[in-house]
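Data block for start20.cif (mmCIF, C-alpha atoms):
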```
data_target
#
loop_
_atom_site.label_atom_id
_atom_site.label_comp_id
_atom_site.auth_asym_id
_atom_site.auth_seq_id
_atom_site.Cartn_x
_atom_site.Cartn_y
_atom_site.Cartn_z
CA MET M 255 -6.65 25.09 16.93
CA PHE M 256 -7.40 23.16 13.73
CA PHE M 257 -5.91 19.90 15.01
CA GLU M 258 -7.64 20.34 18.39
CA LYS M 259 -11.01 20.48 16.62
CA LEU M 260 -10.12 17.42 14.57
CA ASN M 261 -9.21 15.52 17.73
CA ASN M 262 -12.83 15.69 18.86
CA LEU M 263 -14.13 14.09 15.66
CA HIS M 264 -15.11 10.48 15.08
CA PRO M 265 -12.08 8.12 14.91
CA ALA M 266 -13.06 7.14 11.37
CA THR M 267 -12.76 10.80 10.31
CA ILE M 268 -9.40 11.13 12.05
CA TYR M 269 -8.16 7.96 10.36
CA LYS M 270 -9.29 9.16 6.93
CA PHE M 271 -7.78 12.61 7.42
CA VAL M 272 -4.37 11.30 8.56
CA SER M 273 -4.29 8.69 5.78
CA ALA M 274 -5.22 11.28 3.16
CA SER M 275 -2.55 13.70 4.43
CA ARG M 276 0.10 11.01 4.08
CA SER M 277 -1.18 10.10 0.61
CA LEU M 278 -0.98 13.74 -0.42
CA GLY M 279 2.71 13.75 0.47
CA MET M 280 3.43 10.44 -1.25
CA GLY M 281 1.49 11.54 -4.32
CA CYS M 282 3.64 14.64 -4.80
CA HIS M 283 6.65 12.58 -5.90
CA ALA M 284 4.80 9.67 -7.52
CA THR M 285 4.66 11.26 -10.97
CA ILE M 286 8.38 12.06 -11.07
CA TYR M 287 9.86 9.12 -9.15
CA SER M 288 11.51 7.02 -11.86
CA LEU M 289 12.13 10.10 -14.03
CA PHE M 290 14.14 11.60 -11.18
CA LEU M 291 16.07 8.36 -10.72
CA LYS M 292 16.79 8.33 -14.45
CA GLN M 293 18.04 11.90 -14.20
CA ILE M 294 20.54 11.02 -11.46
CA GLY M 295 21.82 8.02 -13.42
CA VAL M 296 19.86 5.03 -12.10
CA SER M 297 18.99 2.59 -14.93
CA GLN M 298 15.73 0.63 -15.19
CA ASP M 299 17.20 -2.61 -13.86
CA ARG M 300 18.87 -0.76 -10.97
CA ILE M 301 15.54 0.90 -10.15
CA ALA M 302 14.23 -2.63 -9.62
CA LEU M 303 17.27 -3.47 -7.46
CA LEU M 304 16.84 -0.25 -5.48
CA ASN M 305 13.24 -1.09 -4.70
CA SER M 306 13.95 -4.72 -3.86
CA LEU M 307 16.38 -3.44 -1.20
CA PHE M 308 13.70 -0.99 -0.02
CA TRP M 309 11.33 -3.92 0.52
CA LEU M 310 14.08 -5.85 2.31
CA ALA M 311 14.54 -2.96 4.76
CA LEU M 312 10.79 -2.78 5.30
CA ILE M 313 10.48 -6.53 5.81
CA LEU M 314 13.29 -6.64 8.38
CA SER M 315 11.65 -3.78 10.29
CA GLU M 316 8.10 -5.16 10.20
CA LEU M 317 7.97 -7.43 13.23
CA PRO M 318 9.92 -5.26 15.70
CA THR M 319 7.80 -2.20 14.89
CA GLY M 320 4.54 -4.16 15.04
CA MET M 321 5.45 -5.59 18.43
CA LEU M 322 6.24 -2.08 19.69
CA ALA M 323 2.85 -0.85 18.46
CA ASP M 324 1.00 -3.50 20.50
CA GLY M 325 3.33 -3.40 23.49
CA ARG M 326 3.71 0.38 23.73
CA SER M 327 1.11 2.29 21.66
CA ARG M 328 -0.41 2.24 18.18
CA ALA M 329 -0.63 6.04 18.10
CA TRP M 330 3.04 6.31 19.13
CA SER M 331 4.05 3.96 16.31
CA ILE M 332 2.07 5.99 13.75
CA LYS M 333 3.65 9.25 14.92
CA VAL M 334 7.19 7.84 14.72
CA GLY M 335 6.43 6.44 11.28
CA MET M 336 5.12 9.77 9.98
CA LEU M 337 8.11 11.70 11.33
CA THR M 338 10.59 9.22 9.85
CA MET M 339 8.74 9.38 6.53
CA PHE M 340 9.09 13.18 6.46
CA ILE M 341 12.85 13.03 7.14
CA SER M 342 13.49 10.28 4.59
CA VAL M 343 11.54 11.95 1.76
CA LEU M 344 13.27 15.27 2.45
CA SER M 345 16.63 13.48 2.22
CA TYR M 346 15.63 12.17 -1.24
CA SER M 347 15.81 15.73 -2.53
CA LEU M 348 19.59 15.56 -1.96
CA ALA M 349 20.16 12.18 -3.68
CA GLN M 350 22.97 12.17 -6.25
CA GLY M 351 23.01 8.55 -7.43
CA PHE M 352 22.16 4.96 -6.56
CA TRP M 353 23.68 4.83 -3.08
CA SER M 354 22.24 8.07 -1.74
CA ALA M 355 18.85 7.09 -3.17
CA LEU M 356 19.20 3.72 -1.43
CA ALA M 357 19.83 5.41 1.93
CA ALA M 358 16.59 7.38 1.54
CA GLU M 359 14.69 4.25 0.42
CA VAL M 360 15.83 2.31 3.49
CA MET M 361 14.58 5.10 5.76
CA ILE M 362 11.23 5.13 3.95
CA GLY M 363 11.01 1.36 4.43
CA VAL M 364 11.54 1.70 8.18
CA ALA M 365 8.92 4.47 8.31
CA LEU M 366 6.34 2.34 6.52
CA ALA M 367 7.08 -0.54 8.90
CA PHE M 368 6.09 1.66 11.85
CA LEU M 369 2.82 2.49 10.07
CA SER M 370 2.11 -1.03 8.81
CA GLY M 371 -0.39 -2.81 11.02
CA ALA M 372 -0.59 0.05 13.53
CA GLU M 373 -2.93 2.21 11.43
CA GLN M 374 -5.44 -0.56 10.76
CA ALA M 375 -5.23 -1.78 14.37
CA TRP M 376 -5.84 1.74 15.71
CA LEU M 377 -8.96 2.16 13.56
CA THR M 378 -10.40 -1.31 14.21
CA ASP M 379 -10.12 -1.08 18.00
CA ALA M 380 -11.35 2.52 18.04
CA LEU M 381 -14.50 1.43 16.17
CA SER M 382 -14.85 -1.71 18.28
CA ALA M 383 -14.81 0.39 21.47
CA ARG M 384 -17.73 2.39 20.07
CA ASP M 385 -19.65 -0.76 19.05
CA GLU M 386 -19.31 0.28 15.39
CA VAL M 387 -17.20 -2.55 14.05
CA LYS M 388 -19.73 -3.37 11.32
CA SER M 389 -18.80 -0.12 9.61
CA LEU M 390 -15.19 -1.26 9.13
CA LYS M 391 -15.51 -2.10 5.41
CA ASN M 392 -17.16 1.22 4.60
CA VAL M 393 -14.55 3.16 6.58
CA TYR M 394 -11.68 1.40 4.78
CA ALA M 395 -13.35 2.08 1.45
CA SER M 396 -14.00 5.73 2.31
CA ALA M 397 -10.40 6.12 3.46
CA THR M 398 -9.29 4.72 0.11
CA VAL M 399 -11.42 7.36 -1.67
CA TRP M 400 -9.94 10.14 0.46
CA SER M 401 -6.41 8.84 -0.03
CA ALA M 402 -6.86 8.37 -3.77
CA ALA M 403 -8.17 11.93 -4.10
CA ALA M 404 -5.21 13.21 -2.07
CA MET M 405 -2.75 11.19 -4.18
CA LEU M 406 -4.41 12.61 -7.28
CA ILE M 407 -3.99 16.19 -6.08
CA GLY M 408 -0.44 15.52 -4.91
CA GLY M 409 0.57 13.95 -8.21
CA VAL M 410 -0.70 16.92 -10.23
CA ALA M 411 0.94 19.38 -7.82
CA GLY M 412 4.22 17.47 -7.96
CA ASP M 413 4.18 17.39 -11.76
CA LEU M 414 3.56 21.14 -11.92
CA MET M 415 6.29 21.75 -9.34
CA SER M 416 8.79 19.69 -11.34
CA GLN M 417 8.04 21.65 -14.51
CA ALA M 418 8.46 24.97 -12.75
CA PHE M 419 11.35 24.29 -10.36
CA GLY M 420 12.78 20.84 -11.16
CA PHE M 421 12.51 17.37 -9.66
CA ARG M 422 14.33 18.13 -6.41
CA MET M 423 11.84 20.78 -5.33
CA THR M 424 9.09 18.22 -5.89
CA TRP M 425 10.63 16.10 -3.13
CA VAL M 426 10.65 19.16 -0.87
CA LEU M 427 6.95 19.69 -1.60
CA SER M 428 6.30 16.03 -0.79
CA ALA M 429 8.17 16.34 2.51
CA SER M 430 6.16 19.44 3.44
CA ALA M 431 2.89 17.56 3.02
CA LEU M 432 4.26 14.67 5.11
CA LEU M 433 5.22 17.10 7.85
CA PHE M 434 1.58 18.20 7.93
CA ALA M 435 0.53 14.51 8.14
CA PHE M 436 2.85 14.07 11.13
CA GLY M 437 1.27 17.10 12.80
CA ALA M 438 -2.20 15.66 12.25
CA ALA M 439 -1.19 12.29 13.71
CA TYR M 440 0.64 13.91 16.64
CA ARG M 441 -2.31 16.03 17.72
CA CYS M 442 -5.26 13.82 16.81
CA MET M 443 -4.46 10.13 17.38
CA GLY M 444 -4.95 9.37 21.06
CA THR M 445 -5.62 6.34 23.22
CA GLN M 446 -8.98 5.46 21.68
CA GLY M 447 -7.36 3.02 19.23
CA GLU M 448 -5.40 1.04 21.79
CA PRO M 449 -6.08 -2.68 22.43
CA ALA M 450 -8.85 -3.77 24.77
CA TYR M 451 -6.20 -5.68 26.74
CA ARG M 452 -2.46 -5.08 26.61
CA LEU M 453 -0.01 -7.87 25.75
CA THR M 454 3.75 -7.71 26.00
CA GLU M 455 5.67 -7.62 22.74
CA MET M 456 6.59 -11.32 22.92
CA GLN M 457 3.06 -12.35 23.90
CA ALA M 458 1.67 -10.47 20.91
CA LEU M 459 4.20 -12.14 18.59
CA LYS M 460 3.39 -15.63 19.91
CA ALA M 461 -0.36 -14.98 19.59
CA SER M 462 0.14 -13.79 15.99
CA PHE M 463 2.04 -16.92 14.96
CA LYS M 464 -0.57 -19.08 16.68
CA ALA M 465 -3.40 -17.34 14.82
CA LEU M 466 -1.62 -17.84 11.49
CA LYS M 467 -0.96 -21.50 12.27
CA LEU M 468 -4.52 -22.32 13.31
CA ASN M 469 -6.41 -20.23 10.77
CA SER M 470 -6.21 -21.49 7.19
CA GLY M 471 -7.96 -18.36 5.93
CA LEU M 472 -5.17 -16.14 7.29
CA LEU M 473 -2.51 -18.30 5.67
CA TRP M 474 -4.40 -18.15 2.37
CA VAL M 475 -4.61 -14.36 2.40
CA VAL M 476 -0.85 -14.15 3.13
CA LEU M 477 -0.24 -16.12 -0.06
CA ALA M 478 -2.59 -13.75 -1.89
CA ALA M 479 -0.62 -10.79 -0.53
CA MET M 480 2.61 -12.28 -1.84
CA THR M 481 1.21 -12.29 -5.37
CA LEU M 482 0.85 -8.50 -5.21
CA GLY M 483 4.59 -8.34 -5.74
CA PHE M 484 4.01 -8.87 -9.46
CA ILE M 485 2.30 -5.46 -9.61
CA ASN M 486 5.32 -3.49 -8.38
CA PRO M 487 7.12 -3.15 -11.74
CA PHE M 488 4.13 -1.14 -13.00
CA ASN M 489 4.58 1.36 -10.15
CA HIS M 490 8.18 2.05 -11.12
CA PHE M 491 7.96 2.26 -14.90
CA TRP M 492 4.54 3.68 -15.82
CA ASN M 493 5.81 7.25 -16.16
CA GLN M 494 8.77 6.18 -18.34
CA PHE M 495 6.33 4.19 -20.52
CA PHE M 496 3.73 6.94 -20.95
CA GLU M 497 5.94 10.03 -21.11
CA PRO M 498 7.07 9.54 -24.77
CA ARG M 499 3.46 8.92 -25.81
CA LEU M 500 2.37 12.28 -24.44
CA HIS M 501 4.57 14.16 -26.93
CA GLY M 502 5.60 16.80 -24.44
CA HIS M 503 2.31 17.10 -22.56
CA SER M 504 2.12 16.86 -18.79
CA LEU M 505 2.11 13.48 -17.04
CA SER M 506 -0.91 14.78 -15.13
CA TRP M 507 -3.00 13.63 -18.10
CA ILE M 508 -2.07 10.07 -17.13
CA TRP M 509 -2.03 10.56 -13.38
CA ILE M 510 -5.60 11.87 -13.17
CA PRO M 511 -7.36 8.83 -14.73
CA LEU M 512 -4.81 6.50 -13.12
CA TYR M 513 -5.52 7.55 -9.54
CA GLY M 514 -9.08 8.59 -10.24
CA SER M 515 -9.74 4.92 -10.95
CA CYS M 516 -8.42 4.07 -7.47
CA ALA M 517 -11.12 6.29 -6.00
CA LEU M 518 -13.67 4.55 -8.23
CA SER M 519 -12.49 1.17 -6.93
CA ALA M 520 -13.17 2.26 -3.36
CA VAL M 521 -16.71 3.30 -4.32
CA ILE M 522 -17.18 -0.18 -5.79
CA VAL M 523 -16.04 -1.76 -2.53
CA ARG M 524 -18.48 0.34 -0.50
CA ARG M 525 -21.35 -0.87 -2.67
CA LEU M 526 -20.37 -4.54 -2.69
CA LYS M 527 -22.66 -6.74 -0.60
CA PHE M 528 -21.25 -10.11 0.37
CA SER M 529 -23.16 -13.25 1.08
CA ARG M 530 -21.21 -15.64 3.26
CA GLY M 531 -18.24 -17.17 1.49
CA ARG M 532 -18.03 -14.52 -1.26
CA GLU M 533 -15.46 -12.20 0.28
CA ALA M 534 -12.49 -14.24 -0.95
CA ALA M 535 -14.00 -14.53 -4.44
CA ALA M 536 -14.28 -10.75 -4.66
CA MET M 537 -10.62 -10.37 -3.68
CA LEU M 538 -9.53 -12.85 -6.36
CA GLY M 539 -11.72 -11.14 -8.94
CA MET M 540 -10.08 -7.79 -8.28
CA LEU M 541 -6.62 -9.35 -8.41
CA GLY M 542 -7.62 -10.86 -11.74
CA LEU M 543 -8.44 -7.44 -13.17
CA ALA M 544 -5.07 -6.16 -12.01
CA GLY M 545 -3.22 -9.13 -13.52
CA LEU M 546 -4.95 -9.01 -16.88
CA GLY M 547 -4.46 -5.26 -17.13
CA LEU M 548 -0.75 -5.59 -16.39
CA THR M 549 -0.38 -8.36 -18.99
CA PHE M 550 -1.88 -6.39 -21.89
CA VAL M 551 -1.28 -2.70 -21.13
CA GLY M 552 1.94 -2.45 -23.13
CA HIS M 553 0.77 -4.23 -26.29
CA PHE M 554 -1.24 -1.42 -27.88
CA PRO M 555 0.02 1.63 -29.78
CA GLY M 556 -0.81 5.20 -28.94
CA LEU M 557 -2.29 6.45 -25.70
CA THR M 558 -6.01 5.65 -25.52
CA CYS M 559 -5.97 1.83 -25.31
CA PRO M 560 -3.01 1.57 -22.89
CA LEU M 561 -4.62 4.20 -20.66
CA ALA M 562 -7.99 2.40 -20.67
CA ILE M 563 -6.31 -0.89 -19.72
CA THR M 564 -4.35 0.92 -17.00
CA VAL M 565 -7.65 2.11 -15.51
CA ILE M 566 -8.89 -1.50 -15.36
CA HIS M 567 -5.63 -2.54 -13.71
CA GLU M 568 -5.89 0.24 -11.12
CA ILE M 569 -9.52 -0.53 -10.29
CA GLY M 570 -8.57 -4.12 -9.55
CA ARG M 571 -5.60 -3.40 -7.35
CA GLY M 572 -7.33 -0.48 -5.63
CA ALA M 573 -10.36 -2.56 -4.65
CA TYR M 574 -8.28 -5.50 -3.41
CA VAL M 575 -6.57 -3.60 -0.58
CA PRO M 576 -9.61 -2.61 1.56
CA LEU M 577 -11.18 -6.02 0.95
CA ALA M 578 -8.03 -7.76 2.20
CA ASP M 579 -7.80 -5.42 5.22
CA VAL M 580 -11.32 -6.32 6.29
CA PHE M 581 -10.67 -10.03 5.64
CA VAL M 582 -7.67 -9.97 8.00
CA GLN M 583 -9.14 -7.76 10.72
CA ARG M 584 -12.16 -10.03 11.08
CA ARG M 585 -9.92 -12.97 11.97
CA ILE M 586 -7.61 -11.53 14.64
CA GLU M 587 -8.10 -10.29 18.19
CA SER M 588 -7.47 -6.92 19.78
CA GLY M 589 -4.39 -7.60 21.90
CA TYR M 590 -2.09 -8.56 19.02
CA ARG M 591 -3.74 -6.77 16.12
CA ALA M 592 -0.79 -4.52 15.18
CA THR M 593 1.77 -7.30 15.60
CA TYR M 594 -0.25 -9.62 13.40
CA GLY M 595 -0.60 -6.85 10.82
CA SER M 596 3.18 -6.57 10.73
CA LEU M 597 3.56 -10.36 10.53
CA HIS M 598 1.13 -10.41 7.60
CA SER M 599 3.08 -7.64 5.88
CA PHE M 600 6.40 -9.31 6.72
CA LEU M 601 5.36 -12.47 4.90
CA GLY M 602 3.32 -10.89 2.12
CA ARG M 603 5.90 -8.29 1.18
CA MET M 604 8.51 -10.94 0.58
CA GLY M 605 6.76 -11.27 -2.77
CA ASN M 606 7.54 -7.62 -3.54
CA MET M 607 11.22 -8.05 -2.76
CA THR M 608 11.50 -11.35 -4.66
CA VAL M 609 9.80 -10.06 -7.81
CA LEU M 610 11.87 -6.87 -8.00
CA ALA M 611 15.12 -8.71 -7.27
CA SER M 612 14.22 -11.14 -10.08
CA VAL M 613 13.47 -8.26 -12.45
CA TRP M 614 16.90 -6.79 -11.72
CA PHE M 615 18.67 -10.16 -12.09
CA PHE M 616 17.07 -11.16 -15.38
CA THR M 617 17.17 -7.72 -17.04
CA ARG M 618 20.54 -6.40 -15.87
CA GLY M 619 22.68 -5.42 -18.82
CA ILE M 620 19.70 -5.06 -21.18
CA PRO M 621 19.56 -1.47 -22.51
CA ASP M 622 16.75 0.71 -21.20
CA SER M 623 13.81 0.82 -23.61
CA GLU M 624 10.03 0.65 -23.85
CA SER M 625 10.21 -2.96 -25.05
CA LYS M 626 12.10 -3.87 -21.88
CA ILE M 627 9.33 -2.36 -19.76
CA VAL M 628 6.60 -4.11 -21.77
CA SER M 629 8.36 -7.47 -21.45
CA ILE M 630 8.63 -7.09 -17.67
CA TRP M 631 4.96 -6.15 -17.37
CA THR M 632 3.78 -8.99 -19.59
CA VAL M 633 5.67 -11.67 -17.70
CA CYS M 634 4.64 -10.32 -14.29
CA GLY M 635 0.98 -9.99 -15.31
CA ALA M 636 0.83 -13.52 -16.70
CA LEU M 637 2.44 -14.95 -13.56
CA LEU M 638 -0.05 -13.04 -11.39
CA VAL M 639 -2.99 -14.54 -13.32
CA LEU M 640 -1.54 -18.04 -12.88
CA CYS M 641 -1.13 -17.46 -9.15
CA ILE M 642 -4.75 -16.30 -8.89
CA LEU M 643 -5.94 -19.51 -10.53
CA ALA M 644 -3.88 -21.51 -8.02
CA LEU M 645 -5.31 -19.50 -5.11
CA PHE M 646 -8.83 -20.20 -6.35
CA LEU M 647 -8.24 -23.92 -6.82
CA PHE M 648 -6.54 -24.43 -3.48
CA ARG M 649 -8.56 -22.07 -1.29
CA PRO M 650 -9.34 -23.46 2.20
CA ARG M 651 -12.77 -24.93 2.74
CA SER M 652 -13.28 -22.54 5.64
CA LEU M 653 -13.61 -19.70 3.12
CA LEU M 654 -16.80 -21.26 1.80
CA SER M 655 -18.71 -20.51 4.98
CA GLU M 656 -17.88 -17.15 6.54
CA ILE M 657 -18.84 -16.80 10.20
CA LYS M 658 -20.82 -13.69 11.06
CA ILE M 659 -19.08 -11.18 13.30
CA LYS M 660 -20.53 -10.86 16.77
CA ARG M 661 -21.70 -7.40 17.50
CA GLY M 662 -18.99 -5.32 19.15
CA SER M 663 -16.13 -7.80 18.84
CA LEU M 664 -13.76 -9.22 16.29
CA PRO M 665 -13.07 -12.83 17.30
CA ALA M 666 -10.50 -14.89 15.48
CA GLN M 667 -12.23 -17.00 12.88
CA SER M 668 -11.19 -20.03 10.92
#
```

Will you turn the file into structure tokens for me?
Amino acid sequence: MFFEKLNNLHPATIYKFVSASRSLGMGCHATIYSLFLKQIGVSQDRIALLNSLFWLALILSELPTGMLADGRSRAWSIKVGMLTMFISVLSYSLAQGFWSALAAEVMIGVALAFLSGAEQAWLTDALSARDEVKSLKNVYASATVWSAAAMLIGGVAGDLMSQAFGFRMTWVLSASALLFAFGAAYRCMGTQGEPAYRLTEMQALKASFKALKLNSGLLWVVLAAMTLGFINPFNHFWNQFFEPRLHGHSLSWIWIPLYGSCALSAVIVRRLKFSRGREAAAMLGMLGLAGLGLTFVGHFPGLTCPLAITVIHEIGRGAYVPLADVFVQRRIESGYRATYGSLHSFLGRMGNMTVLASVWFFTRGIPDSESKIVSIWTVCGALLVLCILALFLFRPRSLLSEIKIKRGSLPAQS
């Protein structure tokens, strides 16, 4: 009955609800992730290796799943992704070491590949069919607020669960929330987000490569996406860095301001007003905040200063994502939207895999310590800032004069 009522709501509300449900599930294990891996004997450098292989699995799955989403159904792809995510997270509760954790990570990578591109494509075409495409930026930003709030709640719940029943039950809690997300997607996401015209899988792939080849703005934003890989080491080590500084207190004291700042970043995006040609500058500015925060977060004693810098870092990275989603969606057409989203992720996420593989290679054999984490963050943050400067200097001229979107359509733009 609940899901039937939700099915009659606006597609933006459905999108936000499904996204928030998934974030709730992912948030449940976010606070204990690397602590659990440490408990089952996975060292810091092997955590980086584990996650580089996760990104490899995701990358290899990106294009086939994106083509299926355009050729078969976006809603079908989202449902399969949610179900696979539930199974893979539940299997993590049984992990005993590196290899069993890797099996679960690979399954999560495949699940995210089914979701990648399909979710954004479903929303964009659902809004386009209702002649509401101009609301896309606000919907993405609102969805980020909902998801950040859900991640916040999930992280606190997962931390409390781990204290009461241990890390493994936290994974079970996470899987339970993801099962609810699957139910929401299964009952609520219908045909309203399908393309205006249907292409075959190969036609969608060819159209995606053609768009990337002819549109310098799309190529530029792929390069920007690759630089996000430098942020990943923060995701995997923040709880190991902050836990000793809490002196026995709950990690929720870090998680709340950390993910609360993500919600704040989405509010900032909703209020940003762009004149033509300023969209790319806003993206680079937010990446700059993330890079500077990552560079300096580990160089201060105590808790207050590192936490304040972490908030700045999170605001930057949180605001970048909806801005980049809008940037891409405005430059691709309906028939190949999910396939292009997967192509974009396929190329951009190579940065994630490369950075984490490099972290493992250069730090293997070094004993686990806070100084090791700080060194990794400092190098990655500095490299991210350098990449941002290069992206600014070599941005395509087409970014200086944004073309207004025609009402009710999303034409490919240069």

* Rank M:Met480, M:Met443, M:Ala562, M:Leu317 by their smallest atom-to-atom distance to Leu263 (chain M), using all atoms listed in the file, and report the top residue only. => M:Met443

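What separates CA of Leu546 (chain M) from CA of Val613 (chain M) is a distance of 19.0 Å.
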
* In Å to one decimal, how far is CA of Phe600 (chain M) from CA of Gly471 (chain M)? ->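 Straight-line distance from CA of Gly471 (chain M) to CA of Phe600 (chain M) works out to 17.0 Å.
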
* To do: Using CA of Tyr594 (chain M) and CA of Gly363 (chain M) as the two end points, give the distance in Å to one decimal.
  =>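 Interatomic distance, CA of Tyr594 (chain M) to CA of Gly363 (chain M): 18.1 Å.
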
* Asked: Which residue, M:Gly483, M:Gly420, M:Pro511, M:Pro449, has the smallest gap to Ala403 (chain M) when you use all atoms listed in the file?
  ->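 Of the candidates, the smallest distance to Ala403 (chain M) is held by M:Pro511.
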
* Go through M:Tyr590, M:Tyr287, M:Trp631, M:Phe421 and flag the residue nearest Ala458 (chain M), using all atoms listed in the file for the distances. =>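 Of M:Tyr590, M:Tyr287, M:Trp631, M:Phe421, the one nearest Ala458 (chain M) is M:Tyr590, counting all atoms listed in the file.
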
* Might you pull out every residue within 8 Å of Ala611 (chain M), with only C-alpha atoms counted and same-chain residues fewer than 6 positions away left off, and present them as a PyMOL selection string? => chain M and resi 302-303+306
